[in-house]
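Visitor: You'll find input11.txt just under this line, and it carries compact mmCIF, C-alpha atoms.
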# COMPACT_ATOMS: atom_id res chain seq x y z
CA MET A 268 -79.97 -30.52 -23.16
CA ALA A 269 -78.03 -29.49 -20.08
CA ARG A 270 -77.35 -25.77 -19.83
CA CYS A 271 -73.62 -25.12 -19.48
CA VAL A 272 -71.99 -21.84 -18.42
CA ALA A 273 -68.28 -21.09 -18.56
CA LEU A 274 -66.96 -19.07 -15.63
CA VAL A 275 -63.64 -17.39 -16.46
CA VAL A 276 -61.51 -16.26 -13.54
CA ALA A 277 -59.56 -13.09 -14.39
CA ALA A 278 -59.36 -11.13 -11.13
CA GLY A 279 -55.75 -11.91 -10.23
CA ARG A 280 -52.94 -9.41 -9.95
CA GLY A 281 -50.28 -11.65 -11.59
CA ALA A 282 -47.46 -11.09 -9.10
CA ARG A 283 -45.22 -13.75 -10.67
CA PHE A 284 -45.45 -12.10 -14.08
CA GLY A 285 -44.11 -8.75 -12.87
CA GLY A 286 -44.92 -5.22 -13.98
CA ASP A 287 -47.95 -3.05 -13.32
CA LEU A 288 -50.39 -4.76 -15.71
CA PRO A 289 -51.84 -8.13 -14.63
CA LYS A 290 -50.98 -10.90 -17.09
CA GLN A 291 -54.52 -11.50 -18.36
CA TRP A 292 -54.50 -8.01 -19.87
CA ARG A 293 -51.12 -8.36 -21.56
CA LEU A 294 -51.19 -8.55 -25.35
CA LEU A 295 -50.76 -11.84 -27.17
CA ALA A 296 -50.69 -11.50 -30.97
CA GLY A 297 -52.05 -7.98 -30.56
CA ARG A 298 -54.99 -8.89 -28.30
CA PRO A 299 -55.31 -9.32 -24.52
CA ILE A 300 -54.58 -12.85 -23.33
CA LEU A 301 -58.06 -12.93 -21.78
CA ARG A 302 -59.65 -12.18 -25.17
CA HIS A 303 -58.23 -15.41 -26.59
CA SER A 304 -59.66 -17.40 -23.67
CA LEU A 305 -63.09 -15.77 -23.98
CA ALA A 306 -63.28 -16.33 -27.73
CA LEU A 307 -62.46 -20.03 -27.36
CA LEU A 308 -65.23 -20.57 -24.83
CA ALA A 309 -67.79 -18.35 -26.55
CA ALA A 310 -67.30 -20.33 -29.76
CA HIS A 311 -67.80 -23.78 -28.22
CA PRO A 312 -71.10 -25.44 -29.23
CA ALA A 313 -71.73 -26.93 -25.76
CA ILE A 314 -71.33 -23.64 -23.88
CA ASP A 315 -74.47 -21.53 -23.59
CA ALA A 316 -72.99 -18.48 -21.87
CA VAL A 317 -69.67 -17.09 -20.67
CA ARG A 318 -69.31 -15.07 -17.44
CA VAL A 319 -66.11 -13.41 -16.32
CA VAL A 320 -64.85 -12.62 -12.82
CA ILE A 321 -62.60 -9.55 -12.73
CA HIS A 322 -60.98 -7.19 -10.26
CA PRO A 323 -63.23 -4.13 -9.77
CA ASP A 324 -60.40 -1.84 -10.91
CA ASP A 325 -60.12 -3.62 -14.28
CA ARG A 326 -63.52 -2.78 -15.78
CA ALA A 327 -62.11 -0.64 -18.61
CA LEU A 328 -59.57 -3.33 -19.51
CA TYR A 329 -62.34 -5.92 -19.53
CA GLU A 330 -64.54 -3.85 -21.84
CA GLN A 331 -61.71 -3.70 -24.36
CA ALA A 332 -60.95 -7.42 -24.11
CA ALA A 333 -64.59 -8.52 -24.44
CA ALA A 334 -65.62 -6.06 -27.17
CA GLY A 335 -67.93 -7.66 -29.73
CA LEU A 336 -68.53 -10.92 -27.86
CA SER A 337 -71.94 -9.91 -26.41
CA LEU A 338 -71.12 -11.19 -22.92
CA PRO A 339 -73.18 -10.46 -19.78
CA GLU A 340 -71.93 -8.06 -17.11
CA PRO A 341 -68.67 -9.12 -15.42
CA ILE A 342 -68.62 -10.23 -11.79
CA ASP A 343 -66.43 -8.61 -9.14
CA GLY A 344 -63.91 -11.03 -7.68
CA GLY A 345 -62.35 -11.38 -4.24
CA PRO A 346 -58.86 -11.27 -2.69
CA THR A 347 -57.98 -14.86 -3.68
CA ARG A 348 -58.75 -17.06 -6.67
CA GLN A 349 -60.90 -19.31 -4.47
CA ASP A 350 -62.89 -16.30 -3.28
CA SER A 351 -63.32 -15.12 -6.87
CA VAL A 352 -64.65 -18.47 -8.02
CA ARG A 353 -67.09 -18.65 -5.13
CA LEU A 354 -68.35 -15.14 -5.85
CA GLY A 355 -68.72 -16.06 -9.51
CA LEU A 356 -70.72 -19.16 -8.65
CA GLU A 357 -72.94 -17.17 -6.30
CA ALA A 358 -73.65 -14.74 -9.13
CA LEU A 359 -74.76 -17.68 -11.29
CA ALA A 360 -77.06 -19.10 -8.61
CA ALA A 361 -80.10 -17.16 -9.82
CA GLU A 362 -79.94 -18.74 -13.29
CA SER A 363 -78.81 -22.10 -11.85
CA PRO A 364 -77.15 -23.74 -14.87
CA ASP A 365 -76.81 -27.52 -14.93
CA LEU A 366 -73.07 -27.47 -15.58
CA VAL A 367 -70.27 -24.98 -15.06
CA LEU A 368 -66.78 -24.92 -16.56
CA ILE A 369 -64.30 -22.93 -14.46
CA HIS A 370 -61.38 -21.64 -16.51
CA ASP A 371 -58.26 -19.57 -15.89
CA GLY A 372 -58.32 -16.37 -17.91
CA ALA A 373 -54.59 -16.67 -18.61
CA ARG A 374 -54.94 -20.08 -20.28
CA PRO A 375 -55.68 -19.02 -23.89
CA PHE A 376 -55.19 -22.29 -25.81
CA ALA A 377 -57.90 -24.65 -24.52
CA GLU A 378 -59.00 -26.12 -27.85
CA THR A 379 -62.50 -27.27 -28.71
CA ALA A 380 -61.79 -31.02 -28.40
CA LEU A 381 -60.35 -30.63 -24.87
CA ILE A 382 -63.40 -28.66 -23.71
CA SER A 383 -65.66 -31.31 -25.25
CA ARG A 384 -63.90 -34.08 -23.33
CA VAL A 385 -64.56 -32.29 -20.05
CA VAL A 386 -68.24 -31.72 -20.88
CA ARG A 387 -68.78 -35.35 -21.96
CA ALA A 388 -67.24 -36.67 -18.73
CA LEU A 389 -69.83 -34.74 -16.73
CA SER A 390 -72.54 -37.11 -17.98
CA LEU A 391 -70.96 -39.76 -15.73
CA HIS A 392 -69.21 -37.82 -12.96
CA ALA A 393 -69.83 -34.88 -10.64
CA GLY A 394 -66.66 -33.22 -11.91
CA ALA A 395 -63.99 -33.57 -14.58
CA ILE A 396 -60.67 -31.89 -15.28
CA PRO A 397 -58.18 -32.06 -18.14
CA ALA A 398 -54.79 -33.28 -16.97
CA LEU A 399 -51.46 -34.61 -18.22
CA PRO A 400 -49.50 -37.46 -16.63
CA VAL A 401 -46.18 -36.55 -15.02
CA HIS A 402 -43.30 -38.12 -16.95
CA ASP A 403 -40.29 -36.38 -15.38
CA THR A 404 -38.67 -37.60 -12.20
CA LEU A 405 -39.71 -35.38 -9.31
CA LYS A 406 -37.36 -34.18 -6.58
CA ARG A 407 -38.17 -32.48 -3.30
CA GLY A 408 -35.53 -29.86 -2.54
CA GLU A 409 -34.44 -27.75 0.42
CA ASP A 410 -31.71 -25.09 0.57
CA GLY A 411 -30.65 -25.93 -2.97
CA LEU A 412 -30.17 -29.63 -2.25
CA ILE A 413 -32.22 -32.73 -3.08
CA ARG A 414 -33.90 -34.08 0.03
CA ASP A 415 -36.13 -36.73 -1.51
CA THR A 416 -37.29 -38.34 -4.76
CA VAL A 417 -41.07 -38.23 -5.14
CA PRO A 418 -42.67 -41.28 -6.81
CA ARG A 419 -44.39 -40.07 -9.98
CA ALA A 420 -46.73 -43.03 -10.48
CA GLY A 421 -50.31 -41.79 -10.59
CA LEU A 422 -49.36 -38.10 -10.60
CA TRP A 423 -51.04 -35.70 -13.02
CA ARG A 424 -50.67 -32.03 -13.97
CA ALA A 425 -54.07 -30.35 -13.65
CA GLN A 426 -55.35 -27.89 -16.24
CA THR A 427 -58.56 -25.94 -16.85
CA PRO A 428 -61.39 -25.68 -17.71
CA GLN A 429 -62.52 -27.79 -14.80
CA GLY A 430 -66.14 -28.87 -15.13
CA PHE A 431 -68.74 -29.62 -12.47
CA HIS A 432 -72.42 -30.05 -11.87
CA PHE A 433 -73.35 -26.57 -10.74
CA PRO A 434 -75.31 -27.22 -7.52
CA ALA A 435 -72.61 -29.57 -6.22
CA ILE A 436 -69.65 -27.27 -6.83
CA LEU A 437 -71.51 -24.24 -5.46
CA ALA A 438 -72.21 -26.12 -2.22
CA ALA A 439 -68.60 -27.34 -2.11
CA HIS A 440 -67.22 -23.81 -2.50
CA ARG A 441 -69.53 -22.46 0.19
CA ALA A 442 -68.31 -25.17 2.57
CA ALA A 443 -64.65 -24.55 1.68
CA ALA A 444 -64.71 -20.77 2.29
CA GLY A 445 -61.68 -19.79 4.36
CA HIS A 446 -59.65 -22.86 3.36
CA ASP A 447 -56.64 -22.35 1.08
CA LEU A 448 -57.14 -24.84 -1.77
CA THR A 449 -55.18 -24.68 -5.01
CA ASP A 450 -57.89 -25.41 -7.58
CA ASP A 451 -61.58 -26.19 -7.93
CA ALA A 452 -60.95 -29.92 -8.16
CA ALA A 453 -59.43 -29.72 -4.67
CA VAL A 454 -62.60 -28.00 -3.45
CA ALA A 455 -64.66 -30.79 -5.01
CA GLU A 456 -62.43 -33.49 -3.50
CA ARG A 457 -62.83 -31.96 -0.06
CA ALA A 458 -66.61 -32.25 -0.50
CA GLY A 459 -66.34 -35.92 -1.47
CA LEU A 460 -67.28 -35.42 -5.13
CA ASP A 461 -65.95 -37.80 -7.74
CA VAL A 462 -63.79 -35.93 -10.24
CA ALA A 463 -62.73 -37.62 -13.46
CA LEU A 464 -59.45 -37.11 -15.30
CA VAL A 465 -59.66 -36.55 -19.06
CA ASP A 466 -56.83 -36.02 -21.49
CA GLY A 467 -55.37 -32.54 -21.33
CA ALA A 468 -53.11 -30.98 -23.95
CA GLU A 469 -49.52 -29.77 -23.85
CA GLU A 470 -50.64 -26.70 -25.82
CA ASN A 471 -53.10 -25.74 -23.06
CA VAL A 472 -50.50 -23.73 -21.18
CA LYS A 473 -51.17 -21.19 -18.47
CA ILE A 474 -49.28 -17.95 -19.03
CA THR A 475 -47.62 -17.20 -15.71
CA THR A 476 -44.28 -15.58 -16.58
CA ALA A 477 -42.89 -13.31 -19.29
CA LEU A 478 -41.13 -16.35 -20.76
CA ASP A 479 -44.47 -18.15 -21.05
CA LEU A 480 -45.83 -15.19 -23.01
CA ALA A 481 -42.81 -15.13 -25.32
CA ARG A 482 -43.29 -18.83 -26.06
CA ALA A 483 -47.00 -18.31 -26.67
CA GLU A 484 -46.20 -15.61 -29.24
CA GLN A 485 -44.32 -18.22 -31.27
CA ARG A 486 -47.62 -19.93 -32.00
CA PHE A 487 -48.67 -16.89 -34.02
CA SER A 488 -45.37 -16.29 -35.82
CA GLY A 489 -45.54 -19.12 -38.36
CA PRO A 490 -47.54 -19.50 -41.58
CA GLY A 491 -50.51 -20.87 -39.67
CA GLU A 492 -53.06 -23.60 -40.26
CA VAL A 493 -55.55 -23.13 -43.10
CA ARG A 494 -59.16 -24.10 -42.34
CA VAL A 495 -62.24 -24.05 -44.55
CA GLY A 496 -65.87 -23.75 -43.42
CA SER A 497 -69.09 -23.90 -45.41
CA GLY A 498 -72.51 -22.38 -44.84
CA PHE A 499 -75.93 -22.77 -46.45
CA ASP A 500 -79.20 -21.00 -45.74
CA VAL A 501 -82.69 -20.63 -47.21
CA HIS A 502 -85.52 -18.15 -46.63
CA LYS A 503 -88.90 -18.12 -48.32
CA PHE A 504 -90.64 -15.08 -49.74
CA ARG A 505 -93.36 -13.17 -47.91
CA PRO A 506 -95.21 -9.96 -48.75
CA GLY A 507 -92.88 -6.98 -48.92
CA ASP A 508 -91.10 -4.55 -51.18
CA HIS A 509 -87.43 -5.44 -50.72
CA VAL A 510 -85.01 -8.17 -49.64
CA MET A 511 -81.88 -7.81 -47.52
CA LEU A 512 -78.91 -9.52 -49.17
CA GLY A 513 -75.35 -8.95 -48.04
CA ASN A 514 -76.58 -6.10 -45.80
CA VAL A 515 -77.92 -4.29 -48.88
CA ALA A 516 -81.64 -3.49 -49.26
CA ILE A 517 -82.59 -4.60 -52.79
CA PRO A 518 -86.00 -3.55 -54.17
CA HIS A 519 -88.22 -6.53 -55.00
CA GLU A 520 -91.86 -7.48 -55.28
CA ALA A 521 -91.58 -9.56 -52.07
CA GLY A 522 -89.61 -9.72 -48.86
CA LEU A 523 -87.96 -12.66 -47.11
CA GLU A 524 -89.46 -14.35 -44.06
CA GLY A 525 -87.27 -14.87 -41.00
CA HIS A 526 -86.91 -14.12 -37.31
CA SER A 527 -84.18 -11.54 -38.00
CA ASP A 528 -83.98 -9.49 -41.20
CA ALA A 529 -83.74 -12.83 -43.10
CA ASP A 530 -80.48 -11.87 -44.85
CA VAL A 531 -79.82 -15.29 -46.33
CA ALA A 532 -76.40 -14.21 -47.64
CA LEU A 533 -75.05 -13.03 -44.27
CA HIS A 534 -76.50 -16.10 -42.55
CA ALA A 535 -74.62 -18.43 -44.89
CA LEU A 536 -71.40 -16.46 -44.42
CA THR A 537 -71.82 -16.50 -40.63
CA ASP A 538 -72.21 -20.28 -40.62
CA ALA A 539 -69.17 -20.66 -42.86
CA LEU A 540 -66.97 -18.67 -40.47
CA LEU A 541 -68.32 -20.49 -37.41
CA GLY A 542 -67.71 -23.80 -39.15
CA ALA A 543 -64.10 -22.92 -39.93
CA ILE A 544 -63.33 -22.54 -36.21
CA GLY A 545 -65.57 -25.38 -34.98
CA ALA A 546 -67.98 -23.00 -33.26
CA GLY A 547 -71.33 -24.60 -34.07
CA ASP A 548 -73.92 -22.74 -36.12
CA ILE A 549 -75.73 -19.43 -36.16
CA GLY A 550 -78.72 -20.88 -34.30
CA ARG A 551 -76.60 -21.68 -31.24
CA HIS A 552 -75.24 -18.16 -30.98
CA PHE A 553 -78.47 -16.38 -31.96
CA PRO A 554 -81.43 -18.70 -31.25
CA PRO A 555 -84.54 -17.81 -33.27
CA SER A 556 -86.55 -18.40 -30.08
CA ASP A 557 -84.80 -15.44 -28.42
CA PRO A 558 -86.88 -12.26 -28.83
CA ARG A 559 -83.70 -10.16 -28.83
CA TRP A 560 -83.04 -11.20 -32.42
CA LYS A 561 -86.52 -10.50 -33.81
CA GLY A 562 -85.97 -8.23 -36.80
CA ALA A 563 -82.26 -7.93 -35.94
CA ASP A 564 -79.73 -6.67 -38.46
CA SER A 565 -77.84 -9.79 -39.57
CA ALA A 566 -74.65 -7.72 -39.73
CA ARG A 567 -74.49 -8.32 -35.96
CA PHE A 568 -74.35 -12.07 -36.55
CA LEU A 569 -71.56 -11.83 -39.12
CA ALA A 570 -69.58 -9.36 -36.99
CA HIS A 571 -69.85 -11.74 -34.03
CA ALA A 572 -68.42 -14.60 -36.10
CA GLY A 573 -65.59 -12.35 -37.22
CA HIS A 574 -64.84 -11.37 -33.60
CA LEU A 575 -64.66 -15.05 -32.66
CA VAL A 576 -62.20 -15.78 -35.47
CA ARG A 577 -59.96 -12.88 -34.52
CA GLY A 578 -60.28 -13.63 -30.80
CA ARG A 579 -58.75 -17.03 -31.47
CA GLY A 580 -55.88 -15.46 -33.33
CA GLY A 581 -57.35 -16.26 -36.75
CA ARG A 582 -57.39 -14.29 -39.97
CA ILE A 583 -60.08 -14.37 -42.65
CA SER A 584 -58.27 -15.13 -45.89
CA HIS A 585 -61.21 -15.32 -48.30
CA LEU A 586 -65.00 -15.53 -48.48
CA ASP A 587 -66.86 -16.96 -51.47
CA LEU A 588 -70.62 -16.36 -51.50
CA THR A 589 -73.13 -17.67 -54.05
CA VAL A 590 -76.74 -16.45 -53.95
CA ILE A 591 -79.25 -18.72 -55.71
CA CYS A 592 -82.46 -17.17 -57.02
CA GLU A 593 -84.38 -16.27 -60.19
CA ARG A 594 -85.26 -12.77 -58.99
CA PRO A 595 -84.18 -10.18 -58.06
CA LYS A 596 -81.25 -9.78 -60.42
CA LEU A 597 -78.14 -9.30 -58.31
CA GLY A 598 -75.64 -8.14 -60.91
CA PRO A 599 -76.12 -4.42 -60.16
CA HIS A 600 -75.77 -5.03 -56.40
CA ARG A 601 -72.84 -7.45 -56.11
CA ALA A 602 -70.20 -4.74 -55.64
CA ALA A 603 -72.22 -3.08 -52.88
CA MET A 604 -72.75 -6.44 -51.17
CA ALA A 605 -69.02 -7.21 -51.26
CA HIS A 606 -68.26 -3.74 -49.90
CA ARG A 607 -70.68 -4.15 -46.97
CA ILE A 608 -69.49 -7.66 -46.11
CA ALA A 609 -65.86 -6.52 -46.09
CA ALA A 610 -66.73 -3.49 -43.94
CA ILE A 611 -68.62 -5.58 -41.38
CA LEU A 612 -65.65 -7.92 -40.98
CA GLY A 613 -62.90 -5.32 -41.32
CA ILE A 614 -61.23 -7.06 -44.25
CA ASP A 615 -60.21 -5.97 -47.74
CA GLU A 616 -62.90 -6.15 -50.43
CA GLY A 617 -60.52 -8.24 -52.52
CA ARG A 618 -61.04 -11.06 -50.04
CA VAL A 619 -64.80 -11.20 -50.71
CA SER A 620 -66.35 -12.85 -53.75
CA VAL A 621 -70.09 -12.44 -54.40
CA LYS A 622 -71.69 -14.50 -57.17
CA ALA A 623 -75.26 -15.19 -58.23
CA THR A 624 -76.84 -18.05 -60.14
CA THR A 625 -80.23 -19.56 -60.93
CA THR A 626 -81.53 -23.13 -60.98
CA GLU A 627 -82.89 -22.75 -64.52
CA GLY A 628 -86.47 -22.72 -63.28
CA LEU A 629 -86.08 -25.91 -61.22
CA GLY A 630 -86.87 -26.41 -57.54
CA PHE A 631 -88.22 -23.91 -55.03
CA THR A 632 -85.85 -21.15 -56.17
CA GLY A 633 -86.85 -21.81 -59.76
CA ARG A 634 -90.49 -21.46 -58.78
CA ARG A 635 -89.57 -18.16 -57.10
CA GLU A 636 -90.65 -19.33 -53.67
CA GLY A 637 -87.52 -18.13 -51.90
CA ILE A 638 -83.78 -17.49 -52.02
CA ALA A 639 -80.87 -19.75 -51.04
CA ALA A 640 -77.23 -18.93 -50.41
CA GLN A 641 -74.11 -20.97 -49.91
CA ALA A 642 -70.76 -19.71 -48.67
CA VAL A 643 -67.21 -20.93 -48.20
CA ALA A 644 -64.84 -19.28 -45.74
CA THR A 645 -61.08 -19.77 -45.72
CA VAL A 646 -59.49 -18.89 -42.39
CA VAL A 647 -55.85 -19.01 -41.29
CA MET A 648 -55.48 -20.03 -37.65
CA PRO A 649 -52.40 -20.19 -35.41
CA ASP A 650 -50.49 -23.43 -35.82
CA PRO A 651 -51.12 -25.53 -32.64
CA SER A 652 -47.86 -27.41 -33.19
CA ARG A 653 -45.75 -24.30 -32.59
CA LEU A 654 -45.85 -24.39 -28.79
Any chance you could put this one into C-alpha cells?

Guide:
Amino acid sequence: MARCVALVVAAGRGARFGGDLPKQWRLLAGRPILRHSLALLAAHPAIDAVRVVIHPDDRALYEQAAAGLSLPEPIDGGPTRQDSVRLGLEALAAESPDLVLIHDGARPFAETALISRVVRALSLHAGAIPALPVHDTLKRGEDGLIRDTVPRAGLWRAQTPQGFHFPAILAAHRAAAGHDLTDDAAVAERAGLDVALVDGAEENVKITTALDLARAEQRFSGPGEVRVGSGFDVHKFRPGDHVMLGNVAIPHEAGLEGHSDADVALHALTDALLGAIGAGDIGRHFPPSDPRWKGADSARFLAHAGHLVRGRGGRISHLDLTVICERPKLGPHRAAMAHRIAAILGIDEGRVSVKATTTEGLGFTGRREGIAAQAVATVVMPDPSRL
C-alpha cells in the first residue's frame, strides 16, 4: 500500500480576517479551526501521518490545537504559503512518502469521501485536486465598472486537499521557488504534471473572513446528525494473574494475550467510535507491528478516538459495551469499568453502559479460551447540510 502523508499549511498571518490572532487559531464550536482540519485528516483510513507547517511564533497555539492527536513535531514555515509548502515537503524528504495531500489549515470541513476521491485519483495521475464548476456569470471589473464578461465554460473553483506523488511535487516546488503561484496545482502545472479534477464539495469552505467563520458556526448550532458505530474484539488467555477490562485490573487465573495490555473492552469501544466517524479501525491508528504500543495502556487508544470525535465537532451520546466470557465474573466490576471509560473520554457515566454475558459453555469463550467484547457507539456530529 502506498504511504500517504497529509501536510497541513497553517503558517499564515490571516490579514484578510483581521485582528491579532491568525484565523487558523480562532475558535470554531469551541475549538481552534486548525483542530477541526487536523482531526479530519488524522481520522482518514488512507492517511498514515499528518504533519503541520506553522509560524515559529505559534508553537504554543499549535500545542493546544493538536493536543491528544499524537502528531509529529510541527515544521517551521516561510514568508509565503508557497515557501511554507516547500519547507514542509523538504522536511518530509527523509521519510519520502509515496503520496502527499497538501491542505489549508483553515479549511475544516473536508469530509472523508472528498479526501478519498483525491487519493483514488492519484492511482492514475501525478496530481489531483477537488474542485467545483463555476456556475455564476463572471465579470472583470475596473474602477467599479464592468470591463468584460469572462466565459465560464471549463472554469473550476479549486479546493484542498490537493494530492500529488511526493517526489514529483517536491521537485516541482524546488523548481518553482521564487515564483508567485497561487496553489500547489499551479506549481504542478508549471512542471508539466497532469493534475486531475475530482468532485469537490460546497461544504468544504475555506474560512477567510469573519463572515465565513460566522457561517461555519451555523453548522454546529442545529440538532446534528446521529451516527452509530460498532466494534468487536477478541483476545485469548495466556498465563497471568489478572485481566485488564475497561481499564480495570480484574484478578483472574490467567491474563490476556495481546501486543498492548489486551484490554478487549477498550479495543471494542475504540473501534466503535472510529467507525462512527468513518476513521478506519484501531489497527490503522495503532499498528500492532509498531513497538511503541507493546504493553501500552489501551486507555490511550480510547482517548485518541474520543479526541478525533471531538476534533470533528462531534459529541459522544452513548456507549453500550457487552463483554462475553465465562470467567471472571464481571458483576462486581461493572461500575468501576463504566467510571473509568467515562473518565477517559470526559463524558458522564450515565452515557456508558457495561454489560456481561456468557455463551452458555459454547464456543471458545464457553471453553474459557479467551474473552470477546462488542460495543456500539452513538455519536452526534455537526449537520453537513447547515452550511

Visitor: Please list as a PDB file with C-alpha atoms, in the frame of the given file every residue within 9 Å of Asp343 in chain A, counting only C-alpha atoms and excluding residues in the same chain fewer than 5 positions away.

Guide:
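As a result, result.pdb now contains:
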ATOM      1  CA  ALA A 278     -59.360 -11.130 -11.130  1.00  0.00           C
ATOM      2  CA  VAL A 319     -66.110 -13.410 -16.320  1.00  0.00           C
ATOM      3  CA  VAL A 320     -64.850 -12.620 -12.820  1.00  0.00           C
ATOM      4  CA  ILE A 321     -62.600  -9.550 -12.730  1.00  0.00           C
ATOM      5  CA  HIS A 322     -60.980  -7.190 -10.260  1.00  0.00           C
ATOM      6  CA  PRO A 323     -63.230  -4.130  -9.770  1.00  0.00           C
ATOM      7  CA  SER A 351     -63.320 -15.120  -6.870  1.00  0.00           C
ATOM      8  CA  LEU A 354     -68.350 -15.140  -5.850  1.00  0.00           C
ATOM      9  CA  GLY A 355     -68.720 -16.060  -9.510  1.00  0.00           C
TER      10      GLY A 355
END

Visitor: Please provide as a PyMOL selection string all residues within 12 Å of Gly573 in chain A, with the sequence filter that same-chain residues fewer than 3 positions apart are discarded (counting all atoms listed in the file).

Guide: chain A and resi 306+310+334-336+533+536-544+546+566-570+576-584+586+608-614+644+646

Visitor: Applying 12 Å and only C-alpha atoms, which residues near Arg441 in chain A remain after dropping the ones on its own chain fewer than 3 positions away? List them as number ranges by chain.

Guide: A: 349-357, 434-438, 444-446, 451, 454-455, 457-458

Visitor: Mind pulling up the distance from CA of Ala277 in chain A to CA of Asp371 in chain A?

Guide: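 Spanning CA of Asp371 in chain A to CA of Ala277 in chain A is a straight-line distance of 6.8 Å.
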
Visitor: What is the CA of Met511 in chain A to CA of Thr632 in chain A distance in Å?

Guide: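 Pair CA of Met511 in chain A / CA of Thr632 in chain A returns 16.4 Å.
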
Visitor: Could you tell me how far CA of Phe431 in chain A sits from CA of Val367 in chain A, in Å to one decimal place?

Guide: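 Straight-line distance from CA of Val367 in chain A to CA of Phe431 in chain A works out to 5.5 Å.
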
Visitor: Could you name the residues that touch Ala605 in chain A at 8 Å or less, counting all atoms listed in the file, but leaving out those on the same chain fewer than 3 positions away, as a list in words?

Guide: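 What passes the distance filter is Gly513, Arg601, Ala602, Ile608, Ala609, Glu616, Val619, Ser620 and Val621 of chain A.
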
Visitor: Restricting the calculation to all atoms listed in the file, which member of A:Leu305, A:Ile549, A:Ala516, A:Ala361 is positioned closest to Tyr329 in chain A?

Guide: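 Using all atoms listed in the file, the shortest distance to Tyr329 in chain A belongs to A:Leu305.
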
Visitor: Excluding Val386 in chain A and any residue of its chain fewer than 6 positions from it, enumerate the residues within 9 Å of it, using all atoms listed in the file, and give them as a short mmCIF file (atom, residue, chain, number, x, y, z; two decimals) with C-alpha atoms, in the coordinates of the input.

Guide:
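That gives us selection_24.cif:
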data_model
loop_
_atom_site.label_atom_id
_atom_site.label_comp_id
_atom_site.auth_asym_id
_atom_site.auth_seq_id
_atom_site.Cartn_x
_atom_site.Cartn_y
_atom_site.Cartn_z
CA CYS A 271 -73.62 -25.12 -19.48
CA ALA A 313 -71.73 -26.93 -25.76
CA LEU A 366 -73.07 -27.47 -15.58
CA LEU A 368 -66.78 -24.92 -16.56
CA ALA A 395 -63.99 -33.57 -14.58
CA GLY A 430 -66.14 -28.87 -15.13
CA PHE A 431 -68.74 -29.62 -12.47
#

Visitor: With 7 Å as the threshold, what does the neighbourhood of (-59.0, -23.8, -43.0) contain in terms of residues, counting only C-alpha atoms? Coordinates are those of the file; answer as JSON, numbers by chain.

Guide: {"A": [492, 493, 494, 495, 496, 543, 645, 646, 647]}

Visitor: May I have the protein, DNA and RNA residues with an atom at most 10 Å from (-82.4, -18.2, -45.3), counting all atoms listed in the file in the file's coordinates, returned as a list in words?

Guide: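 Those within range, by chain then number, are Phe499, Asp500, Val501, His502, Lys503, Phe504, Leu523, Glu524, Gly525, Asp528, Ala529, Asp530, Val531, Ala532, Leu533, His534, Ala535, Gly637, Ile638, Ala639, Ala640 and Gln641 of chain A.
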
Visitor: Counting all atoms listed in the file, which residue out of A:Phe487, A:Phe284, A:Phe553, A:Phe376 sits closest to Ser337 in chain A?

Guide: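 Checking each of A:Phe487, A:Phe284, A:Phe553, A:Phe376 against Ser337 in chain A, counting all atoms listed in the file, the winner is A:Phe553.
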
Visitor: My list of candidates is A:Val515, A:Ala468, A:Val462, A:Leu307. Which is closest to Ile396 in chain A when distances are computed with only C-alpha atoms?

Guide: A:Val462

Visitor: Closest to Ser304 in chain A among A:Pro428, A:Pro339, A:Gly286, A:Gly408, using all atoms listed in the file?

Guide: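 Among the listed residues, the smallest separation from Ser304 in chain A belongs to A:Pro428.
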
Visitor: A:His432, A:Pro397, A:Gly297, A:Asp287: which is nearest Arg270 in chain A, counting only C-alpha atoms?

Guide: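 Looking only at the distances to Arg270 in chain A, the closest residue turns out to be A:His432.
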
Visitor: Check the smallest atom-to-atom distance from each of A:Gly467, A:Arg318, A:Thr449, A:Thr416 to Ser383 in chain A using all atoms listed in the file, then report the winner.

Guide: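 Comparing A:Gly467, A:Arg318, A:Thr449, A:Thr416 against Ser383 in chain A, the winner is A:Gly467.
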